[in-house]
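Okay, input-v5.txt now, which holds compact mmCIF, N, CA and C atoms:
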```
# COMPACT_ATOMS: atom_id res chain seq x y z
N MET A 1 75.67 43.30 -81.22
CA MET A 1 74.35 43.38 -80.61
C MET A 1 74.47 44.29 -79.38
N THR A 2 73.50 45.14 -79.21
CA THR A 2 73.51 46.07 -78.09
C THR A 2 73.26 45.34 -76.77
N GLY A 3 73.49 46.03 -75.66
CA GLY A 3 73.25 45.45 -74.36
C GLY A 3 71.80 45.02 -74.20
N LEU A 4 70.87 45.87 -74.68
CA LEU A 4 69.45 45.53 -74.58
C LEU A 4 69.11 44.35 -75.49
N GLY A 5 69.68 44.33 -76.68
CA GLY A 5 69.43 43.23 -77.61
C GLY A 5 69.92 41.90 -77.05
N ALA A 6 71.11 41.92 -76.47
CA ALA A 6 71.67 40.71 -75.86
C ALA A 6 70.80 40.25 -74.69
N LYS A 7 70.32 41.20 -73.91
CA LYS A 7 69.47 40.86 -72.77
C LYS A 7 68.16 40.24 -73.25
N LEU A 8 67.59 40.76 -74.32
CA LEU A 8 66.35 40.20 -74.87
C LEU A 8 66.56 38.78 -75.40
N VAL A 9 67.70 38.54 -76.03
CA VAL A 9 68.01 37.19 -76.52
C VAL A 9 68.15 36.23 -75.34
N ARG A 10 68.84 36.66 -74.29
CA ARG A 10 68.99 35.80 -73.11
C ARG A 10 67.62 35.54 -72.46
N TYR A 11 66.79 36.56 -72.38
CA TYR A 11 65.46 36.42 -71.79
C TYR A 11 64.62 35.43 -72.61
N ALA A 12 64.66 35.56 -73.93
CA ALA A 12 63.91 34.65 -74.80
C ALA A 12 64.43 33.22 -74.66
N THR A 13 65.74 33.07 -74.54
CA THR A 13 66.32 31.74 -74.37
C THR A 13 65.87 31.10 -73.06
N VAL A 14 65.82 31.89 -71.99
CA VAL A 14 65.32 31.39 -70.70
C VAL A 14 63.86 30.95 -70.85
N SER A 15 63.07 31.71 -71.57
CA SER A 15 61.67 31.34 -71.78
C SER A 15 61.54 30.02 -72.52
N VAL A 16 62.37 29.82 -73.52
CA VAL A 16 62.37 28.56 -74.28
C VAL A 16 62.73 27.40 -73.36
N ILE A 17 63.76 27.58 -72.54
CA ILE A 17 64.20 26.52 -71.63
C ILE A 17 63.10 26.19 -70.62
N ALA A 18 62.54 27.21 -69.98
CA ALA A 18 61.50 26.98 -68.97
C ALA A 18 60.25 26.35 -69.59
N THR A 19 59.90 26.78 -70.79
CA THR A 19 58.73 26.22 -71.48
C THR A 19 58.98 24.76 -71.84
N ALA A 20 60.17 24.45 -72.32
CA ALA A 20 60.50 23.06 -72.67
C ALA A 20 60.44 22.17 -71.44
N VAL A 21 60.95 22.64 -70.32
CA VAL A 21 60.90 21.86 -69.08
C VAL A 21 59.45 21.63 -68.67
N SER A 22 58.66 22.71 -68.66
CA SER A 22 57.25 22.60 -68.25
C SER A 22 56.46 21.68 -69.17
N LEU A 23 56.64 21.83 -70.48
CA LEU A 23 55.88 20.99 -71.42
C LEU A 23 56.30 19.53 -71.34
N THR A 24 57.57 19.28 -71.08
CA THR A 24 58.02 17.89 -70.92
C THR A 24 57.36 17.25 -69.71
N VAL A 25 57.38 17.93 -68.59
CA VAL A 25 56.76 17.40 -67.37
C VAL A 25 55.25 17.25 -67.58
N LEU A 26 54.61 18.24 -68.17
CA LEU A 26 53.18 18.18 -68.44
C LEU A 26 52.85 16.98 -69.33
N GLY A 27 53.61 16.81 -70.41
CA GLY A 27 53.35 15.70 -71.33
C GLY A 27 53.49 14.34 -70.67
N VAL A 28 54.52 14.20 -69.85
CA VAL A 28 54.73 12.91 -69.16
C VAL A 28 53.58 12.66 -68.18
N LEU A 29 53.21 13.65 -67.40
CA LEU A 29 52.17 13.45 -66.39
C LEU A 29 50.79 13.24 -67.01
N VAL A 30 50.46 13.99 -68.05
CA VAL A 30 49.16 13.80 -68.71
C VAL A 30 49.15 12.49 -69.48
N GLY A 31 50.25 12.20 -70.16
CA GLY A 31 50.33 10.98 -70.97
C GLY A 31 50.26 9.71 -70.16
N THR A 32 50.77 9.75 -68.93
CA THR A 32 50.75 8.56 -68.08
C THR A 32 49.56 8.53 -67.14
N SER A 33 48.80 9.61 -67.12
CA SER A 33 47.61 9.73 -66.25
C SER A 33 47.96 9.51 -64.78
N VAL A 34 49.15 9.91 -64.38
CA VAL A 34 49.57 9.78 -62.99
C VAL A 34 48.72 10.67 -62.09
N VAL A 35 48.42 11.86 -62.59
CA VAL A 35 47.56 12.82 -61.89
C VAL A 35 46.61 13.42 -62.92
N SER A 36 45.61 14.14 -62.45
CA SER A 36 44.69 14.80 -63.38
C SER A 36 45.44 15.86 -64.19
N ALA A 37 44.84 16.28 -65.29
CA ALA A 37 45.50 17.28 -66.15
C ALA A 37 45.74 18.58 -65.40
N GLY A 38 44.80 18.98 -64.57
CA GLY A 38 44.98 20.21 -63.80
C GLY A 38 46.16 20.12 -62.85
N TRP A 39 46.26 19.03 -62.11
CA TRP A 39 47.39 18.84 -61.20
C TRP A 39 48.69 18.68 -61.97
N ALA A 40 48.63 18.04 -63.12
CA ALA A 40 49.83 17.91 -63.95
C ALA A 40 50.34 19.29 -64.34
N ASN A 41 49.42 20.19 -64.66
CA ASN A 41 49.81 21.55 -65.02
C ASN A 41 50.42 22.28 -63.82
N VAL A 42 49.85 22.11 -62.65
CA VAL A 42 50.40 22.75 -61.45
C VAL A 42 51.83 22.27 -61.21
N ILE A 43 52.04 20.96 -61.29
CA ILE A 43 53.37 20.40 -61.07
C ILE A 43 54.34 20.88 -62.15
N ALA A 44 53.90 20.83 -63.41
CA ALA A 44 54.77 21.24 -64.51
C ALA A 44 55.16 22.71 -64.41
N THR A 45 54.20 23.54 -64.04
CA THR A 45 54.49 24.97 -63.89
C THR A 45 55.45 25.21 -62.74
N ALA A 46 55.23 24.50 -61.64
CA ALA A 46 56.14 24.65 -60.49
C ALA A 46 57.56 24.24 -60.85
N VAL A 47 57.69 23.14 -61.58
CA VAL A 47 59.02 22.67 -61.98
C VAL A 47 59.68 23.67 -62.94
N GLY A 48 58.92 24.18 -63.90
CA GLY A 48 59.46 25.13 -64.87
C GLY A 48 59.77 26.50 -64.29
N THR A 49 59.13 26.84 -63.18
CA THR A 49 59.34 28.14 -62.56
C THR A 49 60.74 28.26 -61.95
N VAL A 50 61.26 27.16 -61.47
CA VAL A 50 62.59 27.20 -60.82
C VAL A 50 63.68 27.63 -61.81
N PRO A 51 63.84 26.95 -62.95
CA PRO A 51 64.88 27.43 -63.87
C PRO A 51 64.57 28.81 -64.44
N SER A 52 63.30 29.13 -64.60
CA SER A 52 62.93 30.45 -65.12
C SER A 52 63.42 31.55 -64.18
N PHE A 53 63.10 31.42 -62.91
CA PHE A 53 63.51 32.45 -61.94
C PHE A 53 65.03 32.54 -61.86
N GLU A 54 65.68 31.41 -61.66
CA GLU A 54 67.13 31.44 -61.45
C GLU A 54 67.90 31.88 -62.69
N LEU A 55 67.51 31.37 -63.86
CA LEU A 55 68.22 31.78 -65.08
C LEU A 55 67.99 33.25 -65.41
N ASN A 56 66.75 33.72 -65.24
CA ASN A 56 66.50 35.14 -65.45
C ASN A 56 67.31 35.98 -64.48
N ARG A 57 67.28 35.61 -63.24
CA ARG A 57 67.96 36.39 -62.21
C ARG A 57 69.47 36.44 -62.46
N ARG A 58 70.06 35.29 -62.72
CA ARG A 58 71.52 35.23 -62.83
C ARG A 58 72.06 35.57 -64.20
N TRP A 59 71.40 35.06 -65.24
CA TRP A 59 71.94 35.22 -66.59
C TRP A 59 71.44 36.48 -67.27
N VAL A 60 70.13 36.77 -67.15
CA VAL A 60 69.58 37.95 -67.83
C VAL A 60 69.89 39.22 -67.05
N TRP A 61 69.61 39.21 -65.75
CA TRP A 61 69.75 40.42 -64.94
C TRP A 61 71.08 40.50 -64.19
N HIS A 62 71.89 39.44 -64.25
CA HIS A 62 73.21 39.42 -63.60
C HIS A 62 73.14 39.72 -62.10
N ALA A 63 72.11 39.21 -61.43
CA ALA A 63 71.97 39.38 -59.99
C ALA A 63 72.56 38.15 -59.30
N ASN A 64 73.51 38.36 -58.42
CA ASN A 64 74.17 37.24 -57.76
C ASN A 64 74.05 37.28 -56.25
N GLY A 65 73.63 38.39 -55.68
CA GLY A 65 73.56 38.51 -54.22
C GLY A 65 72.31 37.88 -53.65
N ARG A 66 71.95 38.31 -52.47
CA ARG A 66 70.74 37.80 -51.82
C ARG A 66 69.51 38.19 -52.63
N ARG A 67 68.52 37.33 -52.58
CA ARG A 67 67.27 37.59 -53.28
C ARG A 67 66.43 38.58 -52.48
N SER A 68 65.85 39.55 -53.14
CA SER A 68 64.98 40.52 -52.49
C SER A 68 63.55 40.03 -52.56
N MET A 69 62.93 39.85 -51.40
CA MET A 69 61.54 39.39 -51.35
C MET A 69 60.64 40.40 -52.08
N ARG A 70 60.78 41.68 -51.79
CA ARG A 70 59.90 42.70 -52.34
C ARG A 70 60.17 42.98 -53.82
N ALA A 71 61.42 43.07 -54.20
CA ALA A 71 61.75 43.47 -55.56
C ALA A 71 61.81 42.32 -56.56
N GLU A 72 62.08 41.09 -56.10
CA GLU A 72 62.26 39.97 -57.02
C GLU A 72 61.23 38.87 -56.83
N ILE A 73 61.15 38.34 -55.64
CA ILE A 73 60.36 37.13 -55.42
C ILE A 73 58.86 37.40 -55.50
N VAL A 74 58.37 38.43 -54.84
CA VAL A 74 56.92 38.70 -54.83
C VAL A 74 56.40 39.00 -56.24
N PRO A 75 57.02 39.91 -57.01
CA PRO A 75 56.50 40.15 -58.37
C PRO A 75 56.54 38.89 -59.24
N PHE A 76 57.63 38.13 -59.14
CA PHE A 76 57.75 36.91 -59.93
C PHE A 76 56.67 35.91 -59.53
N ALA A 77 56.43 35.77 -58.22
CA ALA A 77 55.42 34.84 -57.73
C ALA A 77 54.01 35.25 -58.17
N VAL A 78 53.71 36.54 -58.11
CA VAL A 78 52.39 37.02 -58.54
C VAL A 78 52.16 36.71 -60.01
N LEU A 79 53.13 37.01 -60.85
CA LEU A 79 53.00 36.72 -62.28
C LEU A 79 52.91 35.22 -62.54
N SER A 80 53.72 34.45 -61.83
CA SER A 80 53.72 32.99 -62.02
C SER A 80 52.39 32.37 -61.59
N PHE A 81 51.86 32.80 -60.43
CA PHE A 81 50.60 32.23 -59.95
C PHE A 81 49.42 32.66 -60.81
N THR A 82 49.47 33.87 -61.36
CA THR A 82 48.41 34.30 -62.28
C THR A 82 48.42 33.43 -63.53
N GLY A 83 49.61 33.23 -64.09
CA GLY A 83 49.74 32.35 -65.26
C GLY A 83 49.36 30.93 -64.93
N LEU A 84 49.70 30.47 -63.74
CA LEU A 84 49.36 29.12 -63.31
C LEU A 84 47.84 28.94 -63.25
N ALA A 85 47.15 29.90 -62.67
CA ALA A 85 45.69 29.79 -62.56
C ALA A 85 45.04 29.73 -63.94
N LEU A 86 45.45 30.63 -64.82
CA LEU A 86 44.85 30.67 -66.16
C LEU A 86 45.20 29.43 -66.97
N SER A 87 46.45 28.98 -66.89
CA SER A 87 46.84 27.80 -67.67
C SER A 87 46.22 26.52 -67.11
N THR A 88 46.01 26.45 -65.80
CA THR A 88 45.39 25.26 -65.21
C THR A 88 43.94 25.14 -65.65
N ILE A 89 43.25 26.24 -65.71
CA ILE A 89 41.87 26.23 -66.22
C ILE A 89 41.86 25.75 -67.67
N ALA A 90 42.76 26.31 -68.48
CA ALA A 90 42.81 25.94 -69.90
C ALA A 90 43.16 24.46 -70.08
N VAL A 91 44.16 23.98 -69.35
CA VAL A 91 44.57 22.58 -69.48
C VAL A 91 43.46 21.64 -69.01
N SER A 92 42.84 21.96 -67.90
CA SER A 92 41.76 21.12 -67.37
C SER A 92 40.60 21.03 -68.34
N GLU A 93 40.20 22.16 -68.87
CA GLU A 93 39.08 22.19 -69.83
C GLU A 93 39.44 21.45 -71.12
N ALA A 94 40.64 21.68 -71.61
CA ALA A 94 41.06 21.03 -72.85
C ALA A 94 41.13 19.51 -72.68
N ALA A 95 41.70 19.06 -71.56
CA ALA A 95 41.79 17.62 -71.32
C ALA A 95 40.42 16.99 -71.14
N ALA A 96 39.52 17.70 -70.46
CA ALA A 96 38.16 17.20 -70.29
C ALA A 96 37.46 17.09 -71.64
N TRP A 97 37.63 18.09 -72.49
CA TRP A 97 37.04 18.05 -73.83
C TRP A 97 37.60 16.86 -74.62
N ALA A 98 38.92 16.69 -74.56
CA ALA A 98 39.56 15.60 -75.30
C ALA A 98 39.06 14.24 -74.82
N SER A 99 38.91 14.09 -73.52
CA SER A 99 38.40 12.83 -72.98
C SER A 99 36.96 12.60 -73.39
N ALA A 100 36.14 13.64 -73.29
CA ALA A 100 34.72 13.53 -73.66
C ALA A 100 34.54 13.26 -75.14
N SER A 101 35.50 13.70 -75.93
CA SER A 101 35.44 13.49 -77.38
C SER A 101 35.96 12.12 -77.78
N GLY A 102 36.44 11.36 -76.81
CA GLY A 102 36.93 10.02 -77.09
C GLY A 102 38.32 9.96 -77.68
N LEU A 103 39.08 11.04 -77.53
CA LEU A 103 40.44 11.04 -78.07
C LEU A 103 41.33 10.12 -77.25
N GLY A 104 42.30 9.50 -77.88
CA GLY A 104 43.22 8.60 -77.20
C GLY A 104 44.21 9.36 -76.34
N THR A 105 45.05 8.64 -75.64
CA THR A 105 46.00 9.23 -74.71
C THR A 105 46.94 10.22 -75.40
N GLY A 106 47.48 9.84 -76.54
CA GLY A 106 48.40 10.73 -77.25
C GLY A 106 47.74 12.02 -77.69
N ALA A 107 46.55 11.91 -78.26
CA ALA A 107 45.83 13.11 -78.71
C ALA A 107 45.42 13.97 -77.52
N ARG A 108 44.99 13.33 -76.43
CA ARG A 108 44.61 14.06 -75.22
C ARG A 108 45.81 14.83 -74.69
N THR A 109 46.96 14.20 -74.71
CA THR A 109 48.19 14.86 -74.23
C THR A 109 48.53 16.06 -75.11
N LEU A 110 48.43 15.90 -76.42
CA LEU A 110 48.71 17.02 -77.33
C LEU A 110 47.74 18.17 -77.14
N VAL A 111 46.47 17.84 -76.94
CA VAL A 111 45.47 18.90 -76.71
C VAL A 111 45.78 19.64 -75.41
N ALA A 112 46.13 18.89 -74.36
CA ALA A 112 46.47 19.53 -73.09
C ALA A 112 47.70 20.43 -73.23
N GLU A 113 48.70 19.96 -73.94
CA GLU A 113 49.91 20.76 -74.13
C GLU A 113 49.65 21.98 -75.01
N ALA A 114 48.80 21.83 -76.01
CA ALA A 114 48.51 22.95 -76.89
C ALA A 114 47.73 24.06 -76.18
N SER A 115 46.95 23.64 -75.20
CA SER A 115 46.16 24.66 -74.48
C SER A 115 47.05 25.54 -73.64
```

Encoded form using structure tokens:
Amino acid sequence: MTGLGAKLVRYATVSVIATAVSLTVLGVLVGTSVVSAGWANVIATAVGTVPSFELNRRWVWHANGRRSMRAEIVPFAVLSFTGLALSTIAVSEAAAWASASGLGTGARTLVAEAS
């Protein structure tokens, strides 16, 4: 596998890991109704962002030195917060629809996660 191919596989693996972490946290929080679906999404995204940033930085890009605010943190934060805003709207709307439709906790959780 070429250097670029290996990097793409590592990047995809990081995405799978971060998504699994986020969806697990989201499912637990929505399923237990500890917080609203929107806040559950904010928390889940924040938790999943940590392994995403660090694994991408260290494993995919092989960066081990100090973090650059301009080159690494700001672009990552902008993309993460944009995704957070869009996904929070989707999760909130989906959970509200599921509740209004009379779906049970399990179905509501699945709808929120699918959104």

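Considering all atoms listed in the file, the residue among A:Ala18, A:Ala96, A:Leu110, A:Leu86 positioned nearest to Thr49 in chain A is A:Ala18.
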
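Between CA of Arg10 in chain A and CA of Thr88 in chain A there is a distance of 27.0 Å.
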
Mind the document's chain letters and residue numbers, and return as number ranges by chain the residues of chain A that DSSP labels helix (DSSP H, G or I).
A: 3-32, 37-60, 69-100, 105-114

Could you give me the centre and size, in Å to one decimal, of an axis-aligned box around all listed atoms of range 34-47 of chain A with 4 Å added on every side, as JSON?
```
{"center_x": 52.2, "center_y": 17.5, "center_z": -63.3, "size_x": 23.0, "size_y": 23.4, "size_z": 13.7}
```

Counting only C-alpha atoms, the residue of A:Val21, A:Val42, A:Ser115, A:Ser15 that sits nearest Asn56 in chain A:
A:Ser15

Set the distance at 7 Å and use all atoms listed in the file: which residues neighbour Ala98 in chain A once local chain neighbours fewer than 6 positions away are removed? I'd like the list as number ranges by chain.
A: 104, 107-108, 111

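With only N, CA and C atoms as the basis for measurement, A:Ala37 is the residue among A:Gly48, A:Ala37, A:Val78, A:Gly106 that approaches Glu93 in chain A most closely.
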
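The residue that comes closest to Val30 in chain A, out of A:Ala95, A:Val60, A:Val14, A:Leu4 and on the basis of only C-alpha atoms, is A:Ala95.
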
So which residues touch Ala40 in chain A within 8 Å, counting only N, CA and C atoms, skipping near sequence neighbours fewer than 5 positions away, as a list in words?
Val25, Leu26, Gly27, Val28, Leu29, Val30, Val34, Val35, Thr45, Ala46 and Thr88 of chain A

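Rounded to one decimal, CA of Gly102 in chain A and CA of Ala20 in chain A lie 27.3 Å from each other.
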
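One distance worth recording is that between CA of Pro51 in chain A and atom N of Ile17 in chain A, which is 8.7 Å.
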
From the coordinates supplied, range 82-110 of chain A should be written with C-alpha atoms, as a PDB file, in the first residue's frame.
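As written to disk, selection_32.pdb reads:
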```
ATOM      1  CA  THR A  82     -19.753  23.564  12.061  1.00  0.00           C
ATOM      2  CA  GLY A  83     -20.494  19.843  12.205  1.00  0.00           C
ATOM      3  CA  LEU A  84     -21.658  20.213  15.795  1.00  0.00           C
ATOM      4  CA  ALA A  85     -24.160  22.935  14.904  1.00  0.00           C
ATOM      5  CA  LEU A  86     -25.608  20.999  11.981  1.00  0.00           C
ATOM      6  CA  SER A  87     -25.754  17.681  13.827  1.00  0.00           C
ATOM      7  CA  THR A  88     -27.320  19.263  16.927  1.00  0.00           C
ATOM      8  CA  ILE A  89     -30.126  20.701  14.830  1.00  0.00           C
ATOM      9  CA  ALA A  90     -30.660  17.312  13.181  1.00  0.00           C
ATOM     10  CA  VAL A  91     -30.594  15.367  16.463  1.00  0.00           C
ATOM     11  CA  SER A  92     -32.913  17.827  18.216  1.00  0.00           C
ATOM     12  CA  GLU A  93     -35.443  17.774  15.392  1.00  0.00           C
ATOM     13  CA  ALA A  94     -35.300  14.000  15.026  1.00  0.00           C
ATOM     14  CA  ALA A  95     -35.752  13.406  18.760  1.00  0.00           C
ATOM     15  CA  ALA A  96     -38.625  15.893  18.898  1.00  0.00           C
ATOM     16  CA  TRP A  97     -40.311  14.132  15.976  1.00  0.00           C
ATOM     17  CA  ALA A  98     -39.806  10.729  17.624  1.00  0.00           C
ATOM     18  CA  SER A  99     -41.280  11.971  20.895  1.00  0.00           C
ATOM     19  CA  ALA A 100     -44.233  13.636  19.160  1.00  0.00           C
ATOM     20  CA  SER A 101     -44.855  10.430  17.236  1.00  0.00           C
ATOM     21  CA  GLY A 102     -45.105   8.485  20.473  1.00  0.00           C
ATOM     22  CA  LEU A 103     -42.043   6.346  19.855  1.00  0.00           C
ATOM     23  CA  GLY A 104     -40.562   4.588  22.886  1.00  0.00           C
ATOM     24  CA  THR A 105     -37.165   5.300  24.394  1.00  0.00           C
ATOM     25  CA  GLY A 106     -35.311   2.748  22.282  1.00  0.00           C
ATOM     26  CA  ALA A 107     -36.835   3.925  19.011  1.00  0.00           C
ATOM     27  CA  ARG A 108     -36.286   7.574  19.969  1.00  0.00           C
ATOM     28  CA  THR A 109     -32.633   6.803  20.668  1.00  0.00           C
ATOM     29  CA  LEU A 110     -32.217   5.055  17.303  1.00  0.00           C
TER      30      LEU A 110
END
```
